[in-house]
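Engineer: What follows is a single structure, and I will ask about it in a moment.
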Amino acid sequence: MGAAWSGHLVSNCHGRLGVVHGTVSGNPVEHYVGIDPERNLPLMICLDARGRHWLTDGARSTVVYPPRRDTGVAGEGAFTFDYQVDHAVSLLATVEPIRSEEPPFDALVYANWLVLAVNSLVAAHPRGTLGIERVVLDRDPTFDSNQLRIKIQGVDRLFRTRWFLPRRPGHFLIEIIARENCQVVLLAKCRLLGLAQSLDYEVRPGSAHEQAREILEEILEFIWRCSPELGSDKSSALCLGG
């Protein structure tokens, strides 16, 4: 894979400009697969100048087919590549890693790597144990930034906002987003309780898993603040930033 590029806007193989969410050895990341559970490195699909897709963790790389292509056989439709962690790990297992002091990542890869690490920690908790209903890993559409985002939605619960009013249903929403400025932001809110929190993290390269645990602690703290048992007086007193 080629020499490093500068900037976040690059021309793809069709000549159009697209927003990059990280580069590895100068090649833009097309897709984040996940994290290798043994090597703790991000697994990514990159696109080189010749339009080929590379599966890489920064130390090992192998050419793979685009995620969907015509099989070339009449009546058999299209072939879809399985971009899953287990498959990616097995494909890279036969590749000898390149030894280097620093991985060939730009700053955006480190930011998205941190989001992947947080997602892995959240996913390690069985559904419902933290009062979480749904977790989605996608890309943040804000300003077409194209960076990874986790959306964590809590289960609907009955909250008493005032002692003399009946309980009302509501849930919390937490987002962890990689930004184009290479920071990671945590946004959390529970509208019914009037709780809101916003934290910006300066990404520490090479410390994704340690920093992810710090972010998870903030997530757990906010979920606790959204407990229905806190009551209206405590919920208003806990409104962050107030």
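Note on naming: chains are A, B, ... as they come in the structure tokens, residues start from 1 per chain, ligands start from 1 in the order shown.
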Write out as JSON lines a residue-level contact list of range 84-156 of chain A versus range 20-29 of chain A with cut-off 12 Å: for each qualifying residue the closest pair of atoms and the distance in Å to one decimal, counting only C-alpha atoms, rows sorted by chain and residue number upward.
Structural biologist:
```
{"residue": "A:Glu102", "atom": "CA", "partner": "A:Ser25", "partner_atom": "CA", "distance": 11.3}
{"residue": "A:Pro103", "atom": "CA", "partner": "A:Val24", "partner_atom": "CA", "distance": 8.4}
{"residue": "A:Pro104", "atom": "CA", "partner": "A:Ser25", "partner_atom": "CA", "distance": 5.1}
{"residue": "A:Phe105", "atom": "CA", "partner": "A:Val24", "partner_atom": "CA", "distance": 4.8}
{"residue": "A:Asp106", "atom": "CA", "partner": "A:Thr23", "partner_atom": "CA", "distance": 5.7}
{"residue": "A:Ala107", "atom": "CA", "partner": "A:Gly22", "partner_atom": "CA", "distance": 7.1}
{"residue": "A:Leu108", "atom": "CA", "partner": "A:Gly22", "partner_atom": "CA", "distance": 4.6}
{"residue": "A:Val109", "atom": "CA", "partner": "A:Gly22", "partner_atom": "CA", "distance": 4.7}
{"residue": "A:Tyr110", "atom": "CA", "partner": "A:Gly22", "partner_atom": "CA", "distance": 8.2}
{"residue": "A:Ala111", "atom": "CA", "partner": "A:Gly22", "partner_atom": "CA", "distance": 8.7}
{"residue": "A:Asn112", "atom": "CA", "partner": "A:His21", "partner_atom": "CA", "distance": 7.8}
{"residue": "A:Trp113", "atom": "CA", "partner": "A:Gly22", "partner_atom": "CA", "distance": 9.9}
{"residue": "A:Arg139", "atom": "CA", "partner": "A:His21", "partner_atom": "CA", "distance": 9.6}
{"residue": "A:Asp140", "atom": "CA", "partner": "A:His21", "partner_atom": "CA", "distance": 10.7}
{"residue": "A:Asp144", "atom": "CA", "partner": "A:Val20", "partner_atom": "CA", "distance": 10.2}
{"residue": "A:Ser145", "atom": "CA", "partner": "A:His21", "partner_atom": "CA", "distance": 7.7}
{"residue": "A:Asn146", "atom": "CA", "partner": "A:His21", "partner_atom": "CA", "distance": 6.1}
{"residue": "A:Gln147", "atom": "CA", "partner": "A:His21", "partner_atom": "CA", "distance": 5.4}
{"residue": "A:Leu148", "atom": "CA", "partner": "A:His21", "partner_atom": "CA", "distance": 8.1}
{"residue": "A:Arg149", "atom": "CA", "partner": "A:His21", "partner_atom": "CA", "distance": 11.6}
```
Engineer: Taking the DSSP assignment computed from this structure's backbone, write out as a list in words all residues of range 103-152 of chain A that belong to helix (DSSP H, G or I).
Structural biologist: Ala107, Leu108, Val109, Tyr110, Ala111, Asn112, Trp113, Leu114, Val115, Leu116, Ala117, Val118, Asn119, Ser120, Leu121, Val122, Ala123, Thr142, Phe143 and Asp144 of chain A
Engineer: Save the residues we just selected, N, CA and C atoms, as a tab-separated table (two decimals), in the first residue's frame?
Structural biologist:
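The resulting file, again_21.tsv, is reproduced below:
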```tsv
chain	number	residue	atom	x	y	z
A	107	ALA	N	-4.73	10.20	11.89
A	107	ALA	CA	-5.40	10.48	13.16
A	107	ALA	C	-6.86	10.05	13.16
A	108	LEU	N	-7.52	10.09	11.99
A	108	LEU	CA	-8.93	9.71	11.93
A	108	LEU	C	-9.14	8.22	12.21
A	109	VAL	N	-8.18	7.39	11.81
A	109	VAL	CA	-8.29	5.96	12.12
A	109	VAL	C	-8.27	5.76	13.63
A	110	TYR	N	-7.39	6.48	14.33
A	110	TYR	CA	-7.34	6.35	15.78
A	110	TYR	C	-8.66	6.75	16.43
A	111	ALA	N	-9.30	7.80	15.90
A	111	ALA	CA	-10.58	8.24	16.45
A	111	ALA	C	-11.66	7.18	16.21
A	112	ASN	N	-11.73	6.65	15.00
A	112	ASN	CA	-12.72	5.63	14.71
A	112	ASN	C	-12.41	4.32	15.44
A	113	TRP	N	-11.13	4.02	15.62
A	113	TRP	CA	-10.71	2.85	16.38
A	113	TRP	C	-11.23	2.93	17.81
A	114	LEU	N	-11.19	4.14	18.39
A	114	LEU	CA	-11.71	4.32	19.75
A	114	LEU	C	-13.21	4.04	19.81
A	115	VAL	N	-13.95	4.49	18.79
A	115	VAL	CA	-15.39	4.23	18.75
A	115	VAL	C	-15.64	2.72	18.64
A	116	LEU	N	-14.85	2.03	17.81
A	116	LEU	CA	-14.98	0.58	17.70
A	116	LEU	C	-14.72	-0.11	19.04
A	117	ALA	N	-13.73	0.39	19.78
A	117	ALA	CA	-13.40	-0.21	21.07
A	117	ALA	C	-14.53	0.00	22.07
A	118	VAL	N	-15.15	1.17	22.07
A	118	VAL	CA	-16.29	1.41	22.95
A	118	VAL	C	-17.44	0.49	22.58
A	119	ASN	N	-17.67	0.32	21.29
A	119	ASN	CA	-18.74	-0.56	20.83
A	119	ASN	C	-18.52	-2.00	21.31
A	120	SER	N	-17.26	-2.46	21.28
A	120	SER	CA	-16.95	-3.81	21.74
A	120	SER	C	-17.25	-3.97	23.23
A	121	LEU	N	-16.93	-2.95	24.03
A	121	LEU	CA	-17.19	-3.03	25.46
A	121	LEU	C	-18.68	-3.03	25.76
A	122	VAL	N	-19.43	-2.18	25.06
A	122	VAL	CA	-20.88	-2.14	25.27
A	122	VAL	C	-21.51	-3.46	24.85
A	123	ALA	N	-21.04	-4.02	23.73
A	123	ALA	CA	-21.59	-5.27	23.23
A	123	ALA	C	-21.31	-6.44	24.16
A	142	THR	N	-24.05	13.87	10.27
A	142	THR	CA	-23.92	15.31	10.51
A	142	THR	C	-22.80	15.89	9.67
A	143	PHE	N	-23.12	16.90	8.88
A	143	PHE	CA	-22.15	17.58	8.01
A	143	PHE	C	-21.45	16.60	7.07
A	144	ASP	N	-22.09	15.46	6.77
A	144	ASP	CA	-21.49	14.45	5.90
A	144	ASP	C	-20.09	14.04	6.37
```
Engineer: Which of these, A:Ala88, A:Ala208, A:Cys182, A:Leu199, has the shortest distance to Asn40 in chain A once you count only C-alpha atoms?
Structural biologist: A:Ala208
Engineer: Quick check, in Å to one decimal: how far apart do CA of Ile176 in chain A and CA of Ile219 in chain A lie?
Structural biologist: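 Between CA of Ile176 in chain A and CA of Ile219 in chain A the gap works out to 9.6 Å.
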Engineer: List the spatial neighbours of Ser227 in chain A as a list in words - criterion: any atom at most 10 Å away, only C-alpha atoms, same-chain residues fewer than 5 positions off excluded.
Structural biologist: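 These residues fall inside the cut-off: Gly131, Arg157, Leu158, Phe159, His171, Phe172, Leu193, Phe222 and Ser235 of chain A.
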Engineer: Could you pull out the strand (DSSP E) residues of range 191-236 of chain A from DSSP and send them as a list in words?
Structural biologist: Leu195, Ala196, Gln197, Ser198, Leu199, Asp200, Tyr201 and Glu202 of chain A
Engineer: To one decimal place in Å, what is the distance between CA of Pro37 in chain A and CA of Leu92 in chain A?
Structural biologist: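 Going from CA of Pro37 in chain A over to CA of Leu92 in chain A covers 13.0 Å.
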Engineer: Give me the residues near Val33 in chain A as number ranges by chain, where near means some atom within 10 Å (using only C-alpha atoms) and where sequence neighbours in that chain fewer than 4 positions away do not count.
Structural biologist: A: 42-45, 55-57, 82-88, 116
Engineer: For CA of Lys189 in chain A and CA of Ile150 in chain A, determine how far apart the two atoms are, in Å to one decimal place.
Structural biologist: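 So the two atoms, CA of Lys189 in chain A and CA of Ile150 in chain A, lie 14.1 Å apart.
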Engineer: Closest to Ile35 in chain A among A:Val89, A:Cys226, A:Ala124, A:Val64, using only C-alpha atoms?
Structural biologist: A:Val89
Engineer: When you look at Ile152 in chain A with a cut-off of 6 Å (counting only C-alpha atoms), what residues show up, excluding the ones that are within fewer than 5 positions of it in the same chain? I need them as a compact mmCIF listing (two decimals) with all heavy atoms, in the first residue's frame.
Structural biologist:
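New file part_1.txt:
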```txt
# COMPACT_ATOMS: atom_id res chain seq x y z
N ARG A 134 -31.23 -0.96 22.56
CA ARG A 134 -30.71 -1.07 21.19
C ARG A 134 -29.37 -0.36 21.07
O ARG A 134 -29.19 0.74 21.60
CB ARG A 134 -31.73 -0.47 20.23
CG ARG A 134 -31.47 -0.69 18.74
CD ARG A 134 -32.74 -0.37 17.96
NE ARG A 134 -32.51 -0.44 16.53
CZ ARG A 134 -32.38 0.61 15.73
NH1 ARG A 134 -32.48 1.83 16.24
NH2 ARG A 134 -32.20 0.47 14.44
N VAL A 135 -28.42 -1.01 20.38
CA VAL A 135 -27.12 -0.41 20.09
C VAL A 135 -26.87 -0.53 18.60
O VAL A 135 -26.97 -1.62 18.03
CB VAL A 135 -25.98 -1.11 20.87
CG1 VAL A 135 -24.65 -0.46 20.53
CG2 VAL A 135 -26.24 -1.05 22.37
N LEU A 173 -30.81 8.37 25.49
CA LEU A 173 -30.13 8.19 24.20
C LEU A 173 -28.70 8.67 24.35
O LEU A 173 -28.47 9.81 24.79
CB LEU A 173 -30.83 8.95 23.09
CG LEU A 173 -30.22 8.82 21.69
CD1 LEU A 173 -30.32 7.38 21.20
CD2 LEU A 173 -30.91 9.75 20.70
N ILE A 174 -27.76 7.81 24.02
CA ILE A 174 -26.33 8.13 24.13
C ILE A 174 -25.68 7.91 22.77
O ILE A 174 -25.93 6.91 22.10
CB ILE A 174 -25.64 7.24 25.19
CG1 ILE A 174 -26.32 7.42 26.56
CG2 ILE A 174 -24.16 7.58 25.28
CD1 ILE A 174 -25.83 6.44 27.60
```
Engineer: Between A:Leu192, A:Asp138, A:Glu217, A:Val63, which one has atoms that come closest to His31 in chain A, using only C-alpha atoms?
Structural biologist: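 Going through A:Leu192, A:Asp138, A:Glu217, A:Val63 one by one, the smallest distance to His31 in chain A is for A:Asp138.
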